[in-house]
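*Asks:* Pasting in a structure now, in structure tokens, and then I'll have a few things to ask.
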Amino acid sequence: MPRPEIPVPKDIRDSVIREIYQQVEQVDWEDLSDRDKSAHYARWVADAKIGDVLADYYTADGMRVWLKDTPLKEYARAVEDFGPFAKYTQKRLTPPAEFVPSILGPQWRIVPGSVHEKPMHCVFTDGSQERYVCWGKPRSFSILLWAAVNNAVNAQTRPLIVVFLRGGKVVDEVQKKLHEKIAAHCSIDLAYVHRHLEEKQ
């Protein structure tokens with residue numbers, strides 16, 4: 001990642017990242033094609049609140065690299081309300097404390113401090129037992145499967161994989177059936193859910 005010749009002041013960096021995230025919240029960034037993402041980068045370089053502000057510190061090419069390798073690389077974690085970049089988002093995806101009980105049952109509660117990443121996962125308890133839960137989009141199923149299988153080796157309960165789509169997206173039934181067969185073969189529970197961006201409290 002290129003470094004600017006002059007360090008970017010923190011207040012400027014923060015305002016630029018907030019502006020980028022506010023614009024990205026209008027689209028499902030993670031599911032955009034490379035072509036569509038490139039179009040966004042081009043617009044941001046010319047944007048008065050982004051490119052014009054960063055022009056004193058980066059070249060246009062350097063700006064694109066910084067956008068890709070810093071705020072946009074962190075965006076998926078940020079909308080999970082996780083990691084240092086979460087403070088820049090105005091919205092978050094529906095949290096596991098809301099969508100997991102709809103799968104396991106209302107008696108299940110998230111264990112405080114159990115949320116971690118790579119992939120996003122946590123532990124839920126019903127007061128007498130605990131279950132490992134990991135979640136991600138359909139394209140990350142292989143990563144989720146590997147994490148769940150690793151947990152299942154020593155766990156007393158079956159892990160749960162939650163595959164999510166942003167609200168409005170249609171489930172690929174062929175893909176879903178394949179995921180279900182694989183999960184059943186590995187003795188792992190699987191659920192599909194829709195999540196949406198909501199205002200932070």
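Labeling convention for the structure tokens: chains A, B, ... as they appear, residues from 1 per chain, ligands from 1 in order of appearance.
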So that I can check the surroundings of segment 139-146 of chain A, please list as a list of chain:residue names every protein, DNA and RNA residue that reaches within 8 Å of it, counting only C-alpha atoms and ignoring chain neighbours fewer than 6 positions away.
*Replies:*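 Result of the neighbour search: A:Pro119, A:Ile161, A:Val163, A:His179, A:Ala183.
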*Asks:* If you run DSSP on the backbone here, which positions in segment 34-193 of chain A get helix (DSSP H, G or I)? Please write them as a PyMOL selection string.
*Replies:* chain A and resi 34-46+51-54+60-69+71-78+84-88+96-99+101-104+138-152+173-185
*Asks:* Leaving out Phe85 of chain A and any residue of its chain fewer than 5 positions from it, which residues lie within 12 Å of it when counting only C-alpha atoms, given as a list in words?
*Replies:* Arg13, Asp14, Ile17, Arg18, Ile20, Tyr21, Thr70, Pro71, Leu72, Lys73, Glu74, Tyr75, Ala76, Arg77, Ala78, Val79, Glu80, Gln90 and Arg92 of chain A
*Asks:* What's around segment 31-41 of chain A at 12 Å? Count only C-alpha atoms, leave out sequence neighbours fewer than 6 positions away in its own chain, and write the answer as a PyMOL selection string.
*Replies:* chain A and resi 20+23-24+47+50-51+60-69+71-72+76+137-140+165-166+169
*Asks:* The selected residues should be written to file as a CSV table (one decimal), in the first residue's frame (atoms: N, CA, C and O atoms).
*Replies:*
chain,number,residue,atom,x,y,z
A,20,ILE,N,-17.0,7.4,2.8
A,20,ILE,CA,-17.0,6.2,1.9
A,20,ILE,C,-18.0,5.2,2.4
A,20,ILE,O,-18.8,4.6,1.7
A,23,GLN,N,-21.6,6.0,1.7
A,23,GLN,CA,-21.9,5.7,0.3
A,23,GLN,C,-22.0,4.2,0.0
A,23,GLN,O,-22.9,3.8,-0.7
A,24,VAL,N,-21.1,3.5,0.6
A,24,VAL,CA,-21.1,2.0,0.4
A,24,VAL,C,-22.3,1.4,1.0
A,24,VAL,O,-22.8,0.3,0.5
A,47,ASP,N,-14.6,12.5,-6.4
A,47,ASP,CA,-15.6,13.0,-5.4
A,47,ASP,C,-15.0,14.2,-4.6
A,47,ASP,O,-13.9,14.1,-4.1
A,50,ILE,N,-14.1,13.1,-1.1
A,50,ILE,CA,-13.1,12.0,-0.9
A,50,ILE,C,-11.8,12.3,-1.7
A,50,ILE,O,-10.8,12.7,-1.1
A,51,GLY,N,-11.9,12.3,-3.1
A,51,GLY,CA,-10.7,12.5,-3.9
A,51,GLY,C,-10.1,13.9,-3.7
A,51,GLY,O,-8.9,14.0,-3.6
A,60,ALA,N,-3.7,9.8,-7.8
A,60,ALA,CA,-5.0,9.1,-8.1
A,60,ALA,C,-4.8,7.6,-8.0
A,60,ALA,O,-5.7,7.0,-7.4
A,61,ASP,N,-3.7,7.1,-8.5
A,61,ASP,CA,-3.5,5.6,-8.3
A,61,ASP,C,-3.3,5.3,-6.9
A,61,ASP,O,-3.8,4.2,-6.4
A,62,GLY,N,-2.5,6.1,-6.2
A,62,GLY,CA,-2.3,5.8,-4.7
A,62,GLY,C,-3.6,5.8,-4.0
A,62,GLY,O,-3.8,5.0,-3.0
A,63,MET,N,-4.5,6.7,-4.4
A,63,MET,CA,-5.8,6.9,-3.7
A,63,MET,C,-6.6,5.6,-3.9
A,63,MET,O,-7.2,5.1,-2.9
A,64,ARG,N,-6.6,5.0,-5.1
A,64,ARG,CA,-7.4,3.8,-5.4
A,64,ARG,C,-6.8,2.7,-4.5
A,64,ARG,O,-7.6,1.9,-4.0
A,65,VAL,N,-5.5,2.5,-4.5
A,65,VAL,CA,-4.9,1.5,-3.7
A,65,VAL,C,-5.3,1.6,-2.2
A,65,VAL,O,-5.6,0.6,-1.6
A,66,TRP,N,-5.2,2.8,-1.7
A,66,TRP,CA,-5.5,3.1,-0.3
A,66,TRP,C,-7.0,2.7,0.0
A,66,TRP,O,-7.3,2.1,1.0
A,67,LEU,N,-7.9,3.2,-0.9
A,67,LEU,CA,-9.3,2.9,-0.7
A,67,LEU,C,-9.6,1.4,-0.7
A,67,LEU,O,-10.3,0.9,0.2
A,68,LYS,N,-8.9,0.7,-1.6
A,68,LYS,CA,-9.1,-0.8,-1.7
A,68,LYS,C,-8.5,-1.5,-0.5
A,68,LYS,O,-9.1,-2.4,0.1
A,69,ASP,N,-7.3,-1.1,-0.1
A,69,ASP,CA,-6.6,-1.9,1.0
A,69,ASP,C,-6.8,-1.4,2.4
A,69,ASP,O,-6.4,-2.1,3.3
A,71,PRO,N,-10.0,1.2,3.9
A,71,PRO,CA,-11.4,1.2,4.3
A,71,PRO,C,-12.3,0.1,3.7
A,71,PRO,O,-13.1,-0.5,4.4
A,72,LEU,N,-12.1,-0.2,2.4
A,72,LEU,CA,-12.9,-1.2,1.8
A,72,LEU,C,-12.5,-2.6,2.2
A,72,LEU,O,-13.4,-3.5,2.3
A,76,ALA,N,-16.4,-5.2,5.5
A,76,ALA,CA,-17.2,-6.4,5.9
A,76,ALA,C,-17.2,-6.6,7.4
A,76,ALA,O,-18.2,-6.9,8.0
A,137,LYS,N,-21.4,-15.2,3.9
A,137,LYS,CA,-22.1,-15.2,2.6
A,137,LYS,C,-21.9,-16.5,1.9
A,137,LYS,O,-21.0,-17.3,2.2
A,138,PRO,N,-22.8,-16.9,1.0
A,138,PRO,CA,-22.6,-18.2,0.3
A,138,PRO,C,-21.3,-18.5,-0.3
A,138,PRO,O,-20.8,-19.6,-0.2
A,139,ARG,N,-20.6,-17.4,-0.8
A,139,ARG,CA,-19.3,-17.7,-1.4
A,139,ARG,C,-18.2,-18.1,-0.4
A,139,ARG,O,-17.2,-18.6,-0.7
A,140,SER,N,-18.5,-17.9,0.9
A,140,SER,CA,-17.5,-18.2,1.9
A,140,SER,C,-17.9,-19.5,2.6
A,140,SER,O,-17.3,-19.9,3.6
A,165,LEU,N,-27.8,-13.8,3.3
A,165,LEU,CA,-27.9,-12.9,2.2
A,165,LEU,C,-28.4,-11.6,2.6
A,165,LEU,O,-29.2,-11.5,3.6
A,166,ARG,N,-28.0,-10.5,2.0
A,166,ARG,CA,-28.6,-9.2,2.3
A,166,ARG,C,-30.0,-9.2,1.9
A,166,ARG,O,-30.4,-9.8,0.9
A,169,LYS,N,-32.0,-10.3,-1.7
A,169,LYS,CA,-31.3,-11.2,-2.5
A,169,LYS,C,-32.0,-12.5,-2.5
A,169,LYS,O,-32.6,-13.0,-1.5
*Asks:* Could you tell me how far atom CA of Gly136 of chain A sits from atom CA of Ile103 of chain A, in Å to one decimal place?
*Replies:*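 So the answer is 15.3 Å.
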*Asks:* With only C-alpha atoms as the atoms that count, which of A:Thr157, A:Asn151, A:Gln26, A:Thr59 lies nearest to His121 of chain A?
*Replies:* A:Asn151
*Asks:* Record the distance separating atom CA of Ser15 of chain A and atom CA of His196 of chain A, expressed in Å with one decimal.
*Replies:* 24.4 Å
*Asks:* One decimal, Å: what's the distance from atom CA of Gly83 of chain A over to atom CA of Glu117 of chain A, could you say?
*Replies:* 9.1 Å
*Asks:* Just the strand (DSSP E) stuff from segment 30-143 of chain A, please, per backbone DSSP, written as a list in words.
*Replies:*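 Selecting the strand (DSSP E) positions of segment 30-143 of chain A gives Lys91, Arg92, Leu93, Arg109, Ile110, His121, Cys122, Val123, Phe124, Thr125, Glu130, Arg131, Tyr132, Val133, Cys134, Trp135 and Gly136 of chain A.
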*Asks:* Selection from above, all heavy atoms, as a compact mmCIF listing (two decimals), in the first residue's frame, can you write it?
*Replies:*
# COMPACT_ATOMS: atom_id res chain seq x y z
N LYS A 91 -24.41 2.29 10.21
CA LYS A 91 -25.31 1.15 10.26
C LYS A 91 -24.52 -0.14 10.49
O LYS A 91 -23.30 -0.17 10.36
CB LYS A 91 -26.10 1.04 8.95
CG LYS A 91 -26.99 2.23 8.67
CD LYS A 91 -27.76 2.05 7.37
CE LYS A 91 -28.66 3.23 7.09
NZ LYS A 91 -29.43 3.06 5.82
N ARG A 92 -25.24 -1.17 10.86
CA ARG A 92 -24.64 -2.48 11.06
C ARG A 92 -25.59 -3.54 10.51
O ARG A 92 -26.80 -3.31 10.41
CB ARG A 92 -24.37 -2.75 12.53
CG ARG A 92 -25.65 -2.86 13.35
CD ARG A 92 -25.39 -3.26 14.78
NE ARG A 92 -26.66 -3.43 15.50
CZ ARG A 92 -26.75 -3.83 16.76
NH1 ARG A 92 -25.65 -4.08 17.45
NH2 ARG A 92 -27.92 -3.97 17.33
N LEU A 93 -25.04 -4.70 10.18
CA LEU A 93 -25.89 -5.79 9.76
C LEU A 93 -26.60 -6.38 10.99
O LEU A 93 -26.07 -6.31 12.10
CB LEU A 93 -25.05 -6.88 9.09
CG LEU A 93 -24.64 -6.64 7.64
CD1 LEU A 93 -23.62 -7.70 7.20
CD2 LEU A 93 -25.85 -6.66 6.71
N ARG A 109 -28.81 -17.65 24.08
CA ARG A 109 -28.24 -16.32 24.22
C ARG A 109 -26.75 -16.36 23.88
O ARG A 109 -26.08 -17.35 24.14
CB ARG A 109 -28.41 -15.80 25.66
CG ARG A 109 -29.88 -15.63 26.08
CD ARG A 109 -30.49 -14.41 25.39
NE ARG A 109 -31.87 -14.18 25.84
CZ ARG A 109 -32.94 -14.67 25.24
NH1 ARG A 109 -32.79 -15.46 24.18
NH2 ARG A 109 -34.16 -14.41 25.69
N ILE A 110 -26.28 -15.26 23.31
CA ILE A 110 -24.88 -15.18 22.95
C ILE A 110 -24.02 -15.08 24.21
O ILE A 110 -24.39 -14.41 25.18
CB ILE A 110 -24.62 -13.98 22.02
CG1 ILE A 110 -23.22 -14.05 21.39
CG2 ILE A 110 -24.82 -12.66 22.74
CD1 ILE A 110 -23.03 -13.05 20.26
N HIS A 121 -17.61 -15.56 14.07
CA HIS A 121 -18.19 -16.65 14.84
C HIS A 121 -18.35 -16.24 16.29
O HIS A 121 -17.80 -15.22 16.73
CB HIS A 121 -17.31 -17.91 14.77
CG HIS A 121 -15.96 -17.74 15.40
ND1 HIS A 121 -14.88 -17.16 14.74
CD2 HIS A 121 -15.50 -18.05 16.64
CE1 HIS A 121 -13.83 -17.14 15.54
NE2 HIS A 121 -14.18 -17.68 16.71
N CYS A 122 -19.12 -17.02 17.02
CA CYS A 122 -19.33 -16.78 18.44
C CYS A 122 -19.87 -18.05 19.08
O CYS A 122 -20.01 -19.09 18.42
CB CYS A 122 -20.30 -15.61 18.67
SG CYS A 122 -21.98 -15.94 18.13
N VAL A 123 -20.18 -17.96 20.35
CA VAL A 123 -20.73 -19.10 21.09
C VAL A 123 -22.08 -18.70 21.67
O VAL A 123 -22.22 -17.60 22.22
CB VAL A 123 -19.77 -19.53 22.23
CG1 VAL A 123 -20.41 -20.66 23.05
CG2 VAL A 123 -18.44 -19.98 21.65
N PHE A 124 -23.05 -19.58 21.53
CA PHE A 124 -24.38 -19.37 22.12
C PHE A 124 -24.61 -20.41 23.21
O PHE A 124 -24.07 -21.52 23.15
CB PHE A 124 -25.47 -19.49 21.06
CG PHE A 124 -25.82 -18.19 20.40
CD1 PHE A 124 -24.97 -17.64 19.45
CD2 PHE A 124 -26.98 -17.51 20.74
CE1 PHE A 124 -25.28 -16.43 18.84
CE2 PHE A 124 -27.30 -16.30 20.14
CZ PHE A 124 -26.45 -15.76 19.19
N THR A 125 -25.38 -20.04 24.22
CA THR A 125 -25.70 -20.97 25.30
C THR A 125 -27.19 -20.91 25.63
O THR A 125 -27.82 -19.86 25.48
CB THR A 125 -24.88 -20.65 26.56
OG1 THR A 125 -25.20 -21.61 27.59
CG2 THR A 125 -25.18 -19.25 27.07
N GLU A 130 -23.42 -25.23 25.28
CA GLU A 130 -22.95 -24.18 24.39
C GLU A 130 -22.84 -24.71 22.97
O GLU A 130 -22.59 -25.89 22.76
CB GLU A 130 -21.59 -23.64 24.85
CG GLU A 130 -21.63 -22.95 26.20
CD GLU A 130 -20.29 -22.33 26.56
OE1 GLU A 130 -19.26 -22.72 25.94
OE2 GLU A 130 -20.25 -21.44 27.44
N ARG A 131 -23.04 -23.79 22.01
CA ARG A 131 -22.91 -24.17 20.61
C ARG A 131 -22.09 -23.12 19.85
O ARG A 131 -22.29 -21.91 20.03
CB ARG A 131 -24.27 -24.33 19.94
CG ARG A 131 -25.06 -25.50 20.48
CD ARG A 131 -26.28 -25.78 19.63
NE ARG A 131 -25.92 -26.26 18.29
CZ ARG A 131 -26.81 -26.63 17.38
NH1 ARG A 131 -28.11 -26.58 17.66
NH2 ARG A 131 -26.42 -27.04 16.19
N TYR A 132 -21.20 -23.60 19.02
CA TYR A 132 -20.39 -22.74 18.16
C TYR A 132 -21.23 -22.37 16.94
O TYR A 132 -21.88 -23.21 16.33
CB TYR A 132 -19.14 -23.51 17.72
CG TYR A 132 -18.31 -22.83 16.66
CD1 TYR A 132 -17.28 -21.96 17.01
CD2 TYR A 132 -18.52 -23.09 15.30
CE1 TYR A 132 -16.49 -21.36 16.03
CE2 TYR A 132 -17.74 -22.49 14.33
CZ TYR A 132 -16.73 -21.62 14.70
OH TYR A 132 -15.95 -21.04 13.74
N VAL A 133 -21.22 -21.07 16.61
CA VAL A 133 -21.96 -20.58 15.45
C VAL A 133 -21.04 -19.71 14.61
O VAL A 133 -20.36 -18.82 15.13
CB VAL A 133 -23.18 -19.73 15.88
CG1 VAL A 133 -23.96 -19.25 14.64
CG2 VAL A 133 -24.09 -20.51 16.82
N CYS A 134 -20.99 -19.98 13.29
CA CYS A 134 -20.21 -19.12 12.40
C CYS A 134 -21.11 -18.69 11.26
O CYS A 134 -22.08 -19.39 10.92
CB CYS A 134 -18.95 -19.81 11.89
SG CYS A 134 -19.21 -21.34 10.97
N TRP A 135 -20.82 -17.55 10.64
CA TRP A 135 -21.70 -17.04 9.60
C TRP A 135 -20.92 -16.30 8.52
O TRP A 135 -19.84 -15.77 8.74
CB TRP A 135 -22.79 -16.16 10.20
CG TRP A 135 -22.30 -14.92 10.91
CD1 TRP A 135 -22.12 -13.67 10.40
CD2 TRP A 135 -21.91 -14.83 12.30
NE1 TRP A 135 -21.66 -12.81 11.36
CE2 TRP A 135 -21.52 -13.49 12.54
CE3 TRP A 135 -21.86 -15.76 13.35
CZ2 TRP A 135 -21.08 -13.05 13.78
CZ3 TRP A 135 -21.41 -15.32 14.59
CH2 TRP A 135 -21.04 -13.98 14.81
N GLY A 136 -21.51 -16.29 7.33
CA GLY A 136 -20.91 -15.61 6.20
C GLY A 136 -21.79 -15.75 4.97
O GLY A 136 -22.84 -16.40 5.01
